[in-house]
Structure formats: C-alpha cells, structure tokens
$ cat entry.cif   # mmCIF, C-alpha atoms
data_target
loop_
_atom_site.label_atom_id
_atom_site.label_comp_id
_atom_site.auth_asym_id
_atom_site.auth_seq_id
_atom_site.Cartn_x
_atom_site.Cartn_y
_atom_site.Cartn_z
CA MET A 1 85.99 -92.84 -17.20
CA ALA A 2 83.80 -89.77 -17.78
CA THR A 3 84.35 -87.26 -15.03
CA SER A 4 84.15 -83.69 -13.92
CA ALA A 5 86.93 -82.40 -11.68
CA LEU A 6 86.76 -84.33 -8.42
CA PRO A 7 88.48 -82.93 -5.33
CA SER A 8 90.96 -85.20 -3.58
CA HIS A 9 88.98 -84.89 -0.33
CA HIS A 10 85.48 -83.88 0.72
CA ARG A 11 83.42 -83.37 3.86
CA ALA A 12 81.21 -86.09 5.32
CA LEU A 13 79.23 -86.88 8.46
CA VAL A 14 81.02 -89.86 9.99
CA LEU A 15 79.61 -92.04 12.77
CA GLU A 16 82.44 -93.72 14.69
CA THR A 17 80.31 -95.15 17.51
CA LEU A 18 76.64 -95.04 18.51
CA GLU A 19 77.60 -93.36 21.77
CA GLY A 20 79.76 -90.68 20.17
CA GLY A 21 77.38 -89.54 17.43
CA PHE A 22 78.38 -87.95 14.14
CA SER A 23 81.23 -85.60 13.44
CA VAL A 24 82.05 -83.63 10.29
CA LYS A 25 85.28 -85.00 8.86
CA THR A 26 87.40 -84.51 5.78
CA VAL A 27 87.72 -87.86 3.98
CA PRO A 28 89.14 -89.05 0.63
CA THR A 29 86.77 -88.56 -2.28
CA PRO A 30 85.66 -91.89 -3.79
CA GLN A 31 86.60 -92.70 -7.38
CA ALA A 32 84.33 -94.19 -10.03
CA GLY A 33 85.19 -97.62 -11.37
CA PRO A 34 83.38 -100.20 -13.51
CA GLY A 35 79.71 -100.40 -12.56
CA SER A 36 79.73 -97.29 -10.40
CA ALA A 37 79.15 -93.55 -10.36
CA VAL A 38 80.28 -90.80 -8.04
CA VAL A 39 77.50 -88.34 -7.29
CA ARG A 40 77.77 -84.82 -5.89
CA ILE A 41 75.06 -84.74 -3.25
CA ILE A 42 72.56 -81.85 -3.32
CA GLU A 43 69.91 -83.12 -0.88
CA ALA A 44 70.45 -86.01 1.54
CA GLY A 45 67.22 -87.35 2.98
CA VAL A 46 66.64 -87.76 6.72
CA ILE A 47 63.85 -90.19 7.65
CA SER A 48 61.72 -90.03 10.77
CA TYR A 49 63.57 -92.84 12.58
CA HIS A 50 67.14 -91.98 11.58
CA ARG A 51 67.80 -90.77 15.11
CA GLU A 52 66.66 -94.11 16.56
CA ILE A 53 69.00 -95.96 14.20
CA TYR A 54 72.10 -93.89 14.89
CA ASN A 55 71.66 -93.71 18.66
CA GLY A 56 71.12 -97.47 18.91
CA GLU A 57 67.47 -97.36 19.99
CA ARG A 58 66.63 -99.42 16.91
CA HIS A 59 68.97 -102.37 16.86
CA TYR A 60 69.96 -102.20 13.21
CA ASP A 61 73.25 -103.80 12.23
CA PHE A 62 75.58 -101.73 10.04
CA PRO A 63 79.37 -101.31 9.86
CA LYS A 64 81.19 -98.58 11.76
CA PRO A 65 82.73 -96.14 11.20
CA ILE A 66 80.26 -95.13 8.51
CA VAL A 67 79.04 -92.09 6.62
CA GLY A 68 75.33 -91.89 7.46
CA GLY A 69 72.44 -91.26 5.14
CA LEU A 70 69.90 -92.93 2.93
CA SER A 71 68.69 -91.83 -0.52
CA ALA A 72 69.53 -88.48 -2.10
CA ILE A 73 69.20 -86.05 -4.98
CA GLY A 74 72.48 -85.23 -6.69
CA ARG A 75 74.45 -84.64 -9.88
CA ILE A 76 76.68 -87.15 -11.57
CA ALA A 77 80.30 -86.19 -10.96
CA ALA A 78 82.00 -89.22 -12.52
CA VAL A 79 81.04 -92.57 -14.02
CA GLY A 80 82.90 -95.79 -14.70
CA PRO A 81 83.96 -96.87 -18.20
CA ASP A 82 80.92 -99.10 -18.66
CA ALA A 83 78.35 -96.28 -18.27
CA VAL A 84 76.52 -95.64 -21.54
CA VAL A 85 73.71 -93.27 -20.49
CA LEU A 86 74.72 -91.45 -17.32
CA GLN A 87 76.83 -88.37 -17.92
CA PRO A 88 78.54 -85.81 -15.65
CA ASP A 89 76.23 -83.05 -14.38
CA GLN A 90 73.02 -85.06 -14.91
CA LEU A 91 70.46 -84.66 -12.13
CA VAL A 92 69.68 -88.05 -10.58
CA TRP A 93 67.80 -89.77 -7.80
CA VAL A 94 70.33 -91.79 -5.77
CA ASP A 95 68.61 -94.79 -4.23
CA CYS A 96 69.56 -96.57 -1.01
CA VAL A 97 68.39 -100.11 -1.86
CA ILE A 98 71.37 -102.10 -3.13
CA HIS A 99 71.14 -105.65 -4.51
CA ALA A 100 74.00 -108.00 -5.24
CA ARG A 101 74.26 -108.24 -9.02
CA ASP A 102 74.81 -112.00 -9.01
CA ASN A 103 72.18 -112.68 -6.33
CA PRO A 104 69.37 -110.10 -6.05
CA ASP A 105 68.17 -111.79 -2.84
CA SER A 106 71.22 -110.32 -1.11
CA LEU A 107 70.11 -106.75 -0.49
CA PHE A 108 70.60 -104.03 2.07
CA LEU A 109 69.78 -100.37 2.76
CA THR A 110 72.80 -98.11 2.47
CA ALA A 111 74.07 -96.84 5.85
CA ILE A 112 70.90 -98.15 7.53
CA HIS A 113 71.03 -101.93 7.68
CA GLU A 114 73.60 -104.41 6.40
CA GLY A 115 70.98 -106.97 5.34
CA MET A 116 70.38 -110.53 6.43
CA ASP A 117 72.94 -112.74 4.72
CA ALA A 118 76.67 -113.04 4.14
CA GLY A 119 76.42 -111.54 0.65
CA SER A 120 74.66 -108.36 1.76
CA ARG A 121 77.01 -107.98 4.70
CA LYS A 122 80.01 -108.28 2.39
CA LEU A 123 78.71 -105.57 0.07
CA SER A 124 77.62 -103.21 2.84
CA ASN A 125 80.92 -103.54 4.67
CA ASP A 126 83.43 -103.74 1.84
CA VAL A 127 81.96 -102.21 -1.32
CA TRP A 128 79.01 -99.82 -0.86
CA ARG A 129 79.60 -98.81 2.74
CA ASP A 130 78.92 -95.08 3.02
CA GLY A 131 75.71 -93.10 2.74
CA ALA A 132 74.66 -89.69 1.44
CA PHE A 133 75.51 -87.44 4.41
CA ALA A 134 78.50 -86.22 2.43
CA GLU A 135 79.51 -83.96 -0.43
CA TYR A 136 80.21 -86.99 -2.66
CA MET A 137 78.95 -90.56 -2.68
CA LYS A 138 79.92 -93.64 -4.70
CA VAL A 139 76.93 -95.75 -5.83
CA PRO A 140 76.10 -98.54 -8.29
CA LEU A 141 75.15 -97.26 -11.75
CA GLU A 142 71.73 -98.92 -11.48
CA ASN A 143 70.96 -96.94 -8.32
CA CYS A 144 71.10 -93.65 -10.23
CA ILE A 145 67.71 -92.82 -11.74
CA ARG A 146 67.84 -90.01 -14.28
CA LEU A 147 65.60 -87.01 -13.64
CA ASP A 148 64.47 -84.79 -16.53
CA GLU A 149 65.64 -81.51 -15.01
CA ASN A 150 64.11 -79.34 -17.71
CA ARG A 151 60.68 -80.92 -17.31
CA LEU A 152 60.65 -81.30 -13.53
CA CYS A 153 62.42 -78.14 -12.40
CA ARG A 154 61.84 -75.62 -15.18
CA GLU A 155 58.49 -76.54 -16.69
CA LEU A 156 56.77 -78.00 -13.60
CA GLY A 157 58.67 -75.87 -11.09
CA TYR A 158 59.85 -78.53 -8.64
CA THR A 159 62.88 -77.76 -6.50
CA THR A 160 65.41 -80.42 -5.58
CA ARG A 161 64.17 -80.07 -2.00
CA GLU A 162 60.66 -80.98 -3.07
CA LEU A 163 61.91 -83.88 -5.19
CA MET A 164 63.56 -85.30 -2.07
CA TYR A 165 60.03 -86.22 -0.90
CA MET A 166 60.45 -89.23 -3.20
CA MET A 167 62.20 -90.77 -0.19
CA TYR A 168 58.76 -91.30 1.35
CA LEU A 169 56.59 -91.57 -1.78
CA LEU A 170 58.51 -94.42 -3.41
CA VAL A 171 57.97 -96.89 -0.57
CA PRO A 172 54.15 -97.11 -0.72
CA PHE A 173 54.31 -96.82 -4.51
CA GLY A 174 56.30 -100.04 -4.54
CA GLY A 175 53.74 -101.75 -2.32
CA LEU A 176 50.71 -100.49 -4.25
CA ARG A 177 52.19 -101.52 -7.60
CA ASP A 178 53.07 -104.91 -6.18
CA ILE A 179 49.39 -105.66 -5.49
CA ARG A 180 48.36 -104.12 -8.83
CA ILE A 181 46.21 -101.23 -7.69
CA GLU A 182 43.85 -100.06 -10.43
CA PRO A 183 42.23 -96.64 -10.95
CA GLY A 184 38.85 -96.47 -9.23
CA GLU A 185 39.62 -99.10 -6.60
CA THR A 186 39.18 -98.45 -2.88
CA VAL A 187 42.36 -98.80 -0.82
CA VAL A 188 42.81 -98.73 2.95
CA VAL A 189 46.08 -97.08 3.99
CA CYS A 190 47.10 -97.92 7.55
CA PRO A 191 48.37 -96.31 9.60
CA ALA A 192 48.13 -93.16 7.49
CA THR A 193 49.38 -90.50 9.88
CA GLY A 194 53.14 -91.19 9.69
CA GLY A 195 55.61 -90.30 6.99
CA PHE A 196 55.23 -93.41 4.85
CA GLY A 197 51.50 -93.81 5.51
CA GLY A 198 50.76 -90.20 4.60
CA ALA A 199 52.83 -90.62 1.47
CA GLY A 200 50.82 -93.76 0.73
CA VAL A 201 47.63 -91.72 0.70
CA GLN A 202 49.20 -89.21 -1.69
CA VAL A 203 50.44 -91.94 -4.03
CA ALA A 204 47.19 -93.92 -4.03
CA ILE A 205 45.24 -90.77 -4.94
CA ALA A 206 47.67 -90.04 -7.78
CA MET A 207 47.16 -93.61 -9.03
CA GLY A 208 43.42 -92.96 -9.26
CA ALA A 209 42.30 -94.87 -6.18
CA ARG A 210 39.78 -93.92 -3.52
CA VAL A 211 41.47 -93.95 -0.11
CA ILE A 212 40.29 -94.79 3.39
CA ALA A 213 43.00 -93.54 5.72
CA MET A 214 43.23 -95.14 9.16
CA GLY A 215 45.01 -93.57 12.13
CA ARG A 216 44.83 -92.91 15.86
CA ASN A 217 45.55 -89.19 15.72
CA GLU A 218 42.32 -87.44 14.72
CA LYS A 219 44.03 -84.06 14.35
CA GLU A 220 46.57 -85.52 11.92
CA LEU A 221 43.81 -87.37 10.02
CA ALA A 222 42.01 -84.06 9.57
CA ARG A 223 45.22 -82.39 8.36
CA LEU A 224 45.82 -85.26 5.95
CA LYS A 225 42.34 -84.95 4.44
CA GLU A 226 42.68 -81.18 4.11
CA HIS A 227 46.12 -81.55 2.51
CA ILE A 228 44.71 -83.90 -0.15
CA THR A 229 41.46 -82.10 -0.91
CA LYS A 230 42.98 -78.62 -1.33
CA GLN A 231 45.75 -79.64 -3.75
CA GLY A 232 45.86 -79.79 -7.49
CA THR A 233 46.10 -83.55 -7.88
CA PRO A 234 43.62 -84.63 -10.56
CA GLY A 235 40.56 -86.01 -8.81
CA ALA A 236 41.86 -85.33 -5.30
CA ALA A 237 39.18 -82.75 -4.53
CA ALA A 238 36.36 -84.92 -5.85
CA ALA A 239 33.78 -86.11 -3.34
CA ASN A 240 34.63 -89.29 -1.47
CA MET A 241 38.14 -89.67 -2.91
CA ILE A 242 39.51 -89.58 0.65
CA GLU A 243 37.84 -90.79 3.84
CA THR A 244 39.31 -91.22 7.30
CA VAL A 245 38.76 -93.72 10.11
CA LYS A 246 40.02 -93.35 13.65
CA MET A 247 41.67 -96.53 14.89
CA THR A 248 40.21 -97.47 18.28
CA GLY A 249 42.25 -100.57 19.04
CA ASP A 250 39.07 -102.65 19.14
CA TYR A 251 38.90 -105.20 16.33
CA GLU A 252 35.13 -105.28 15.80
CA THR A 253 34.69 -101.50 16.16
CA ASP A 254 37.30 -100.82 13.49
CA VAL A 255 35.78 -103.43 11.16
CA ALA A 256 32.38 -101.75 11.51
CA ALA A 257 33.86 -98.32 10.83
CA LEU A 258 35.52 -99.52 7.61
CA GLN A 259 32.42 -101.33 6.40
CA ALA A 260 30.20 -98.34 7.14
CA PHE A 261 31.25 -96.66 3.88
CA GLY A 262 29.14 -99.22 2.06
CA THR A 263 31.46 -99.97 -0.86
CA PRO A 264 33.70 -103.02 -1.29
CA ILE A 265 37.29 -102.52 -0.20
CA ASP A 266 39.65 -103.82 -2.85
CA ALA A 267 43.03 -103.54 -1.18
CA VAL A 268 45.00 -102.65 1.94
CA ILE A 269 48.52 -101.33 2.31
CA ASP A 270 50.04 -101.56 5.76
CA LEU A 271 53.10 -99.57 6.90
CA THR A 272 53.01 -100.23 10.64
CA PRO A 273 56.23 -99.35 12.52
CA PRO A 274 57.81 -101.99 14.79
CA PHE A 275 56.63 -100.41 18.05
CA ALA A 276 52.98 -100.95 17.01
CA CYS A 277 53.40 -104.60 15.98
CA LYS A 278 50.65 -105.84 18.33
CA SER A 279 47.99 -103.46 17.01
CA THR A 280 44.76 -105.01 15.67
CA HIS A 281 44.12 -102.42 12.96
CA LEU A 282 45.53 -104.51 10.10
CA LYS A 283 43.45 -107.53 11.09
CA SER A 284 40.38 -105.27 11.01
CA ALA A 285 41.33 -103.92 7.59
CA ILE A 286 41.90 -107.40 6.16
CA ARG A 287 38.54 -108.52 7.59
CA SER A 288 36.92 -105.72 5.56
CA LEU A 289 38.35 -106.80 2.20
CA ARG A 290 36.14 -108.12 -0.57
CA ARG A 291 36.57 -111.58 -2.08
CA HIS A 292 39.96 -111.77 -3.83
CA GLY A 293 41.08 -108.63 -2.04
CA ARG A 294 44.81 -107.91 -1.71
CA CYS A 295 47.01 -106.68 1.11
CA SER A 296 50.52 -105.29 0.77
CA MET A 297 52.35 -105.93 4.03
CA MET A 298 55.20 -103.42 4.26
CA GLY A 299 55.20 -103.01 8.06
CA TYR A 300 55.35 -105.04 11.23
CA VAL A 301 52.11 -106.59 12.51
CA GLU A 302 52.10 -109.93 14.31
CA ASP A 303 48.44 -111.02 14.16
CA VAL A 304 46.73 -110.74 10.77
CA ILE A 305 45.08 -114.09 9.98
CA ASN A 306 41.35 -114.60 10.33
CA TRP A 307 38.76 -116.87 8.74
CA ASN A 308 38.09 -114.45 5.90
CA VAL A 309 41.65 -114.73 4.57
CA MET A 310 40.89 -118.32 3.58
CA ALA A 311 37.16 -118.03 2.95
CA LEU A 312 37.45 -115.02 0.62
CA ASN A 313 40.71 -115.97 -1.12
CA ILE A 314 42.53 -112.94 0.25
CA THR A 315 46.11 -112.36 -0.97
CA LEU A 316 48.63 -111.27 1.69
CA LYS A 317 51.84 -110.15 0.02
CA GLY A 318 55.00 -109.03 1.76
CA LYS A 319 57.01 -106.23 0.18
CA LEU A 320 60.29 -104.55 1.10
CA MET A 321 60.70 -101.11 -0.46
CA TYR A 322 60.35 -101.21 -4.29
CA GLU A 323 62.01 -102.35 -7.51
CA ARG A 324 64.06 -100.34 -10.00
CA GLU A 325 61.22 -100.39 -12.52
CA ASP A 326 58.98 -98.86 -9.84
CA MET A 327 61.38 -95.94 -9.48
CA VAL A 328 61.52 -95.40 -13.24
CA LEU A 329 57.72 -95.43 -13.55
CA PHE A 330 57.30 -93.14 -10.54
CA VAL A 331 59.62 -90.56 -12.11
CA LYS A 332 57.54 -90.76 -15.30
CA MET A 333 54.41 -90.01 -13.23
CA LEU A 334 56.15 -86.98 -11.71
CA GLU A 335 57.24 -85.77 -15.13
CA ARG A 336 53.70 -86.09 -16.47
CA GLY A 337 52.39 -83.80 -13.73
CA LEU A 338 50.35 -86.37 -11.81
CA PHE A 339 51.44 -84.99 -8.44
CA PRO A 340 50.88 -81.54 -6.92
CA ARG A 341 53.70 -79.03 -6.65
CA GLY A 342 55.17 -76.68 -4.11
CA LYS A 343 53.60 -76.64 -0.65
CA GLU A 344 50.64 -78.59 -1.99
CA LEU A 345 53.04 -81.53 -2.24
CA VAL A 346 55.57 -81.01 0.56
CA GLU A 347 57.07 -78.50 2.98
CA PRO A 348 60.72 -79.44 3.47
CA LYS A 349 62.92 -78.57 6.43
CA VAL A 350 66.58 -78.17 5.51
CA PHE A 351 69.71 -78.34 7.65
CA LYS A 352 73.44 -77.95 7.17
CA MET A 353 75.83 -80.81 7.79
CA GLU A 354 76.94 -79.25 11.07
CA GLU A 355 73.29 -79.22 12.22
CA TRP A 356 72.94 -82.99 12.07
CA LYS A 357 71.52 -83.26 15.58
CA GLU A 358 68.82 -80.72 14.80
CA ALA A 359 68.08 -82.52 11.52
CA LEU A 360 67.59 -85.90 13.18
CA ASP A 361 65.43 -84.36 15.89
CA ALA A 362 63.33 -82.46 13.35
CA ALA A 363 62.80 -85.56 11.22
CA ALA A 364 61.37 -87.41 14.24
CA GLU A 365 58.76 -84.67 14.73
CA TRP A 366 58.13 -83.23 11.25
CA THR A 367 56.26 -86.29 9.99
CA GLY A 368 53.09 -87.10 8.11
CA ILE A 369 51.84 -86.24 4.67
CA GLY A 370 53.64 -83.37 2.97
CA ARG A 371 56.55 -83.17 5.40
CA THR A 372 60.19 -84.13 4.93
CA VAL A 373 63.66 -83.26 6.25
CA MET A 374 67.04 -83.20 4.54
CA ILE A 375 70.67 -82.25 4.99
CA GLU A 376 72.42 -80.15 2.37
CA PRO A 377 76.18 -80.90 2.42
#

$ encode --input "entry.cif" --output "structure tokens"
Amino acid sequence: MATSALPSHHRALVLETLEGGFSVKTVPTPQAGPGSAVVRIIEAGVISYHREIYNGERHYDFPKPIVGGLSAIGRIAAVGPDAVVLQPDQLVWVDCVIHARDNPDSLFLTAIHEGMDAGSRKLSNDVWRDGAFAEYMKVPLENCIRLDENRLCRELGYTTRELMYMMYLLVPFGGLRDIRIEPGETVVVCPATGGFGGAGVQVAIAMGARVIAMGRNEKELARLKEHITKQGTPGAAAANMIETVKMTGDYETDVAALQAFGTPIDAVIDLTPPFACKSTHLKSAIRSLRRHGRCSMMGYVEDVINWNVMALNITLKGKLMYEREDMVLFVKMLERGLFPRGKELVEPKVFKMEEWKEALDAAAEWTGIGRTVMIEP
C-alpha cells in the first residue's frame, strides 16, 4: 500500500439524527485497502438542497450516523495495493456517484441517498458509507479523477475552490453528452436559474452550442446572460449565443416564445427540481423541438408527452448524473482552457467545519450560474 503518514484519528461532521443536526467529532481515520484510496479533503462541496436532505425536508434514505458530504477536491493520502496510477499527494476530483463493480445498475450518491436496490443499500451502509465533510475520506479508486495541477492551477490559474464548481458543471455535462450535443446546435436549458441549470448554460456554451435559457426569475435570467456574455469563454460574447425566455406557466405562451427566435431547436436539457414537477415548461420546450430533436430528462416533470413526440420522432432520454468517461473528458476540457477562470467562472463561498449551519444556509441562497459553496475541513 502506497501511503503518506495517516493520523490515527481525524475530524469529521457526523449526523447522528435528522433532529440533532451535525456535530464535529474525532473519528478513526479510514485505511486504504484493495480497490480504494484515502483522500485528504481540501474542498467539500455543499449543494443547494443539502439542508433539505439533512433536516429531513427531502425524504432521502441514507444510513445514520453518517459523515455528510458529496463530491470533493482533495489529495491522495493512501492507495490500496492494486492502484497503478494514483499516487500519494496527487490532486484529484473525488466523485460521489458510486456503482457496484459487479452490477453497475446498483448505484447511489455518497452520504445523500442509499439508492434503490439491495445492492446499493449494502454498499452505502457497509462499505462506502461516509461523505466528504471530513479531513479524510475513503473512496473507490475509480471515483478519483486525476487533475493536472500544473496545468490547471499554475498555468491556467484555477484555485481548488474554483475547481469545486465541477460539482454543478458535471451534471448537465453528463446530460448534454448523453444526447450528443454538437457545436452549433441550439439547446434549451430549463429551468436555467438554479445551480444545475445555470451550470448547464455554461457547459452548453463551452461545448459550442447556442443556448435558450428558460426561467421564471427575470432578474436572475438577466444576471445569467450578463455572466455569460462578459466572460472569456470562446464564442460566449458572440451575438445570439445566449437568449433568455421567461417561463409564464402557460403552455402555448411559452411555446410561442421559444419559437419566436425563428431557428430550429435541436435539443432540450431539463433539470427541474421535485417541487416544480407539475410545471408545463418542459412540455412547451419539447413541443418546440425540430424533427428528430432530443431531450435529456435529468429532473422531475410529470407531464411531458404531446402529439409532436410521436409525430416528429422526438427522443426523450432519462439521465442520472454522468459516467466516468464524462468526468475524464470534462477535465480535459478544463485543462484545454475551454472554460473561463476566476470570477468569470465562479464566486465561491467558503466555510469552516464548525460553520456547517451557515454553509448549508448559504448554499440554499447562493445559487445560480457562477455560484457555489464549500466546507474546508
């Protein structure tokens, strides 16, 4: 086993019960074994609905007690004997999506949801239980994606705090790749004013697409458009690369607004949160697709089918998160300089472990394109 000096114990944010909230505790440091790595956490991402998960407002099933968290940026501290590439001190992206190795259909999100079958529940309870709100975290080798620190941090000038924005960017990237977005195509991102939707606009622009961003909040739509057009992303400032549409809640009105741009719409990516599952915006967006158009369904909308889905051979494709090859390709895009840097990409808010309440509250409010929150252990 390759290792740097691991302490016998480390600090972690432990959730005993939903009612009691987190507390900072000293716990045994995990040890690397075959197929695993122990990572020293630098940045632990906090998503916009983490608070709803850990206070029970969202009824997600996960084991307790548990160390909270999601994905992270960290350094390899130790690896098992079967690691052939990962080495101690390497900078890595630590991903939260874990698949069973002998059945990839058994999957779960670390410290968020235990999954939907007996296999995922076994792994989330007994093997890969704890998340990244800690000084150290044990993860599968395949969940560590190497980051070229010299290229990203020295040559391009990214900080680890800025790289943590991958937490949002990777999700729509997985959906857009899944429906094979091509440069020059027109993509509707809906709703575009939240964390994942705003990131979807950023990613689609970087992939060379023209974006029509839908949302209810006109002020946030204006901020989104300004954020894109003022940054250094190749092509982002070009005319008509980003348009916005206010969602009215009326099916026909929203269809007319989308069709008013006068060009065929090639694809839609939807990231609707559960509380908006009865919204008609996705049905309007699908109605606006050209023949053989595609829709990546990454959110929760109940009513999407209309005559055009059949008549125009529309593809509706569900997608949960992303695949490992998506993460590897996304990192290559970052390393090639296809995304903006500094505040033109993201403005992070950072909290200490003891400030976990403030971090969860901030993440619920500091949302939309170019905004992210993290805990530094």

$ resolve_selection --input "entry.cif" --expression "the PyMOL selection byres ((chain A and resi 82) around 12)" --output "ChimeraX atom specification"
/A:1-2,32-37,78-81,83-87,140-142

$ write_last_selection --input "entry.cif" --atoms "C-alpha atoms" --output "short mmCIF file (atom, residue, chain, number, x, y, z; two decimals), in the frame of the given file"
data_model
loop_
_atom_site.label_atom_id
_atom_site.label_comp_id
_atom_site.auth_asym_id
_atom_site.auth_seq_id
_atom_site.Cartn_x
_atom_site.Cartn_y
_atom_site.Cartn_z
CA MET A 1 85.99 -92.84 -17.20
CA ALA A 2 83.80 -89.77 -17.78
CA ALA A 32 84.33 -94.19 -10.03
CA GLY A 33 85.19 -97.62 -11.37
CA PRO A 34 83.38 -100.20 -13.51
CA GLY A 35 79.71 -100.40 -12.56
CA SER A 36 79.73 -97.29 -10.40
CA ALA A 37 79.15 -93.55 -10.36
CA ALA A 78 82.00 -89.22 -12.52
CA VAL A 79 81.04 -92.57 -14.02
CA GLY A 80 82.90 -95.79 -14.70
CA PRO A 81 83.96 -96.87 -18.20
CA ALA A 83 78.35 -96.28 -18.27
CA VAL A 84 76.52 -95.64 -21.54
CA VAL A 85 73.71 -93.27 -20.49
CA LEU A 86 74.72 -91.45 -17.32
CA GLN A 87 76.83 -88.37 -17.92
CA PRO A 140 76.10 -98.54 -8.29
CA LEU A 141 75.15 -97.26 -11.75
CA GLU A 142 71.73 -98.92 -11.48
#

$ atom_distance --input "entry.cif" --atom1 "atom CA of A:Trp356" --atom2 "atom CA of A:Gly368"
20.7 Å

$ closest_residue --input "entry.cif" --among "A:Gly249, A:Glu347, A:Leu123, A:Lys317" --to "A:Arg180" --atoms "all atoms listed in the file"
A:Lys317

$ resolve_selection --input "entry.cif" --expression "the PyMOL selection byres ((chain A and resi 376) around 12)" --output "number ranges by chain"
A: 11-13, 40-46, 69, 72-74, 132-136, 160-161, 164, 348-356, 359, 373-375, 377

$ write_last_selection --input "entry.cif" --atoms "C-alpha atoms" --output "compact mmCIF listing (two decimals), keeping the file's coordinate frame"
# COMPACT_ATOMS: atom_id res chain seq x y z
CA ARG A 11 83.42 -83.37 3.86
CA ALA A 12 81.21 -86.09 5.32
CA LEU A 13 79.23 -86.88 8.46
CA ARG A 40 77.77 -84.82 -5.89
CA ILE A 41 75.06 -84.74 -3.25
CA ILE A 42 72.56 -81.85 -3.32
CA GLU A 43 69.91 -83.12 -0.88
CA ALA A 44 70.45 -86.01 1.54
CA GLY A 45 67.22 -87.35 2.98
CA VAL A 46 66.64 -87.76 6.72
CA GLY A 69 72.44 -91.26 5.14
CA ALA A 72 69.53 -88.48 -2.10
CA ILE A 73 69.20 -86.05 -4.98
CA GLY A 74 72.48 -85.23 -6.69
CA ALA A 132 74.66 -89.69 1.44
CA PHE A 133 75.51 -87.44 4.41
CA ALA A 134 78.50 -86.22 2.43
CA GLU A 135 79.51 -83.96 -0.43
CA TYR A 136 80.21 -86.99 -2.66
CA THR A 160 65.41 -80.42 -5.58
CA ARG A 161 64.17 -80.07 -2.00
CA MET A 164 63.56 -85.30 -2.07
CA PRO A 348 60.72 -79.44 3.47
CA LYS A 349 62.92 -78.57 6.43
CA VAL A 350 66.58 -78.17 5.51
CA PHE A 351 69.71 -78.34 7.65
CA LYS A 352 73.44 -77.95 7.17
CA MET A 353 75.83 -80.81 7.79
CA GLU A 354 76.94 -79.25 11.07
CA GLU A 355 73.29 -79.22 12.22
CA TRP A 356 72.94 -82.99 12.07
CA ALA A 359 68.08 -82.52 11.52
CA VAL A 373 63.66 -83.26 6.25
CA MET A 374 67.04 -83.20 4.54
CA ILE A 375 70.67 -82.25 4.99
CA PRO A 377 76.18 -80.90 2.42

$ atom_distance --input "entry.cif" --atom1 "atom CA of A:Pro264" --atom2 "atom CA of A:Glu185"
8.9 Å

$ closest_residue --input "entry.cif" --among "A:Val171, A:Ala311, A:Val211, A:Val245" --to "A:Met298" --atoms "only C-alpha atoms"
A:Val171

$ closest_residue --input "entry.cif" --among "A:Ala209, A:Cys277, A:Leu316, A:Met214" --to "A:Gly299" --atoms "only C-alpha atoms"
A:Cys277

$ residues_around --input "entry.cif" --residues "A:Thr110" --least-positions-apart "5" --cutoff "8 Å" --atoms "all atoms listed in the file" --output "compact mmCIF listing (two decimals) with C-alpha atoms, in the frame of the given file"
# COMPACT_ATOMS: atom_id res chain seq x y z
CA GLY A 69 72.44 -91.26 5.14
CA LEU A 70 69.90 -92.93 2.93
CA CYS A 96 69.56 -96.57 -1.01
CA VAL A 97 68.39 -100.11 -1.86
CA ILE A 98 71.37 -102.10 -3.13
CA SER A 124 77.62 -103.21 2.84
CA TRP A 128 79.01 -99.82 -0.86
CA ARG A 129 79.60 -98.81 2.74
CA ASP A 130 78.92 -95.08 3.02
CA GLY A 131 75.71 -93.10 2.74

$ resolve_selection --input "entry.cif" --expression "the PyMOL selection byres ((chain A and resi 190) around 8)" --output "list in words"
Val188, Val189, Pro191, Ala192, Gly197, Ala213, Met214, Gly215, Val268, Ile269, Asp270, Leu271, Thr272, His281 and Leu282 of chain A

$ closest_residue --input "entry.cif" --among "A:Pro183, A:Gly175, A:Pro63, A:Asp89" --to "A:Lys122" --atoms "only C-alpha atoms"
A:Pro63

$ closest_residue --input "entry.cif" --among "A:Leu338, A:Met297, A:Ile305, A:Leu258" --to "A:Ala285" --atoms "all atoms listed in the file"
A:Leu258

$ closest_residue --input "entry.cif" --among "A:Glu57, A:Asp254, A:Leu169, A:Asn240" --to "A:Pro274" --atoms "only C-alpha atoms"
A:Glu57

$ atom_distance --input "entry.cif" --atom1 "atom CA of A:Leu221" --atom2 "atom CA of A:Arg287"
21.9 Å

$ decode --input "entry.cif" --residues "stretch 333-344 of chain A" --atoms "N, CA and C atoms" --output "JSON list (two decimals), in the first residue's frame"
[["chain", "number", "residue", "atom", "x", "y", "z"],
["A", 333, "MET", "N", -11.42, 19.14, -21.01],
["A", 333, "MET", "CA", -11.91, 20.44, -21.49],
["A", 333, "MET", "C", -11.40, 21.56, -20.59],
["A", 334, "LEU", "N", -11.45, 21.35, -19.28],
["A", 334, "LEU", "CA", -10.91, 22.35, -18.36],
["A", 334, "LEU", "C", -9.43, 22.60, -18.63],
["A", 335, "GLU", "N", -8.68, 21.53, -18.79],
["A", 335, "GLU", "CA", -7.24, 21.64, -18.99],
["A", 335, "GLU", "C", -6.89, 22.30, -20.31],
["A", 336, "ARG", "N", -7.78, 22.23, -21.27],
["A", 336, "ARG", "CA", -7.52, 22.87, -22.57],
["A", 336, "ARG", "C", -7.94, 24.35, -22.56],
["A", 337, "GLY", "N", -8.50, 24.82, -21.48],
["A", 337, "GLY", "CA", -8.85, 26.23, -21.37],
["A", 337, "GLY", "C", -10.18, 26.60, -22.00],
["A", 338, "LEU", "N", -11.11, 25.65, -22.08],
["A", 338, "LEU", "CA", -12.39, 25.91, -22.73],
["A", 338, "LEU", "C", -13.41, 26.58, -21.80],
["A", 339, "PHE", "N", -13.04, 26.77, -20.55],
["A", 339, "PHE", "CA", -13.92, 27.46, -19.61],
["A", 339, "PHE", "C", -13.25, 28.73, -19.10],
["A", 340, "PRO", "N", -14.04, 29.72, -18.69],
["A", 340, "PRO", "CA", -13.45, 30.94, -18.12],
["A", 340, "PRO", "C", -12.77, 30.64, -16.79],
["A", 341, "ARG", "N", -12.13, 31.65, -16.24],
["A", 341, "ARG", "CA", -11.39, 31.47, -14.99],
["A", 341, "ARG", "C", -11.75, 32.57, -14.00],
["A", 342, "GLY", "N", -11.39, 32.33, -12.76],
["A", 342, "GLY", "CA", -11.63, 33.32, -11.72],
["A", 342, "GLY", "C", -13.11, 33.62, -11.56],
["A", 343, "LYS", "N", -13.43, 34.87, -11.27],
["A", 343, "LYS", "CA", -14.81, 35.27, -11.04],
["A", 343, "LYS", "C", -15.65, 35.17, -12.31],
["A", 344, "GLU", "N", -15.02, 35.12, -13.47],
["A", 344, "GLU", "CA", -15.79, 34.92, -14.69],
["A", 344, "GLU", "C", -16.38, 33.52, -14.76]]
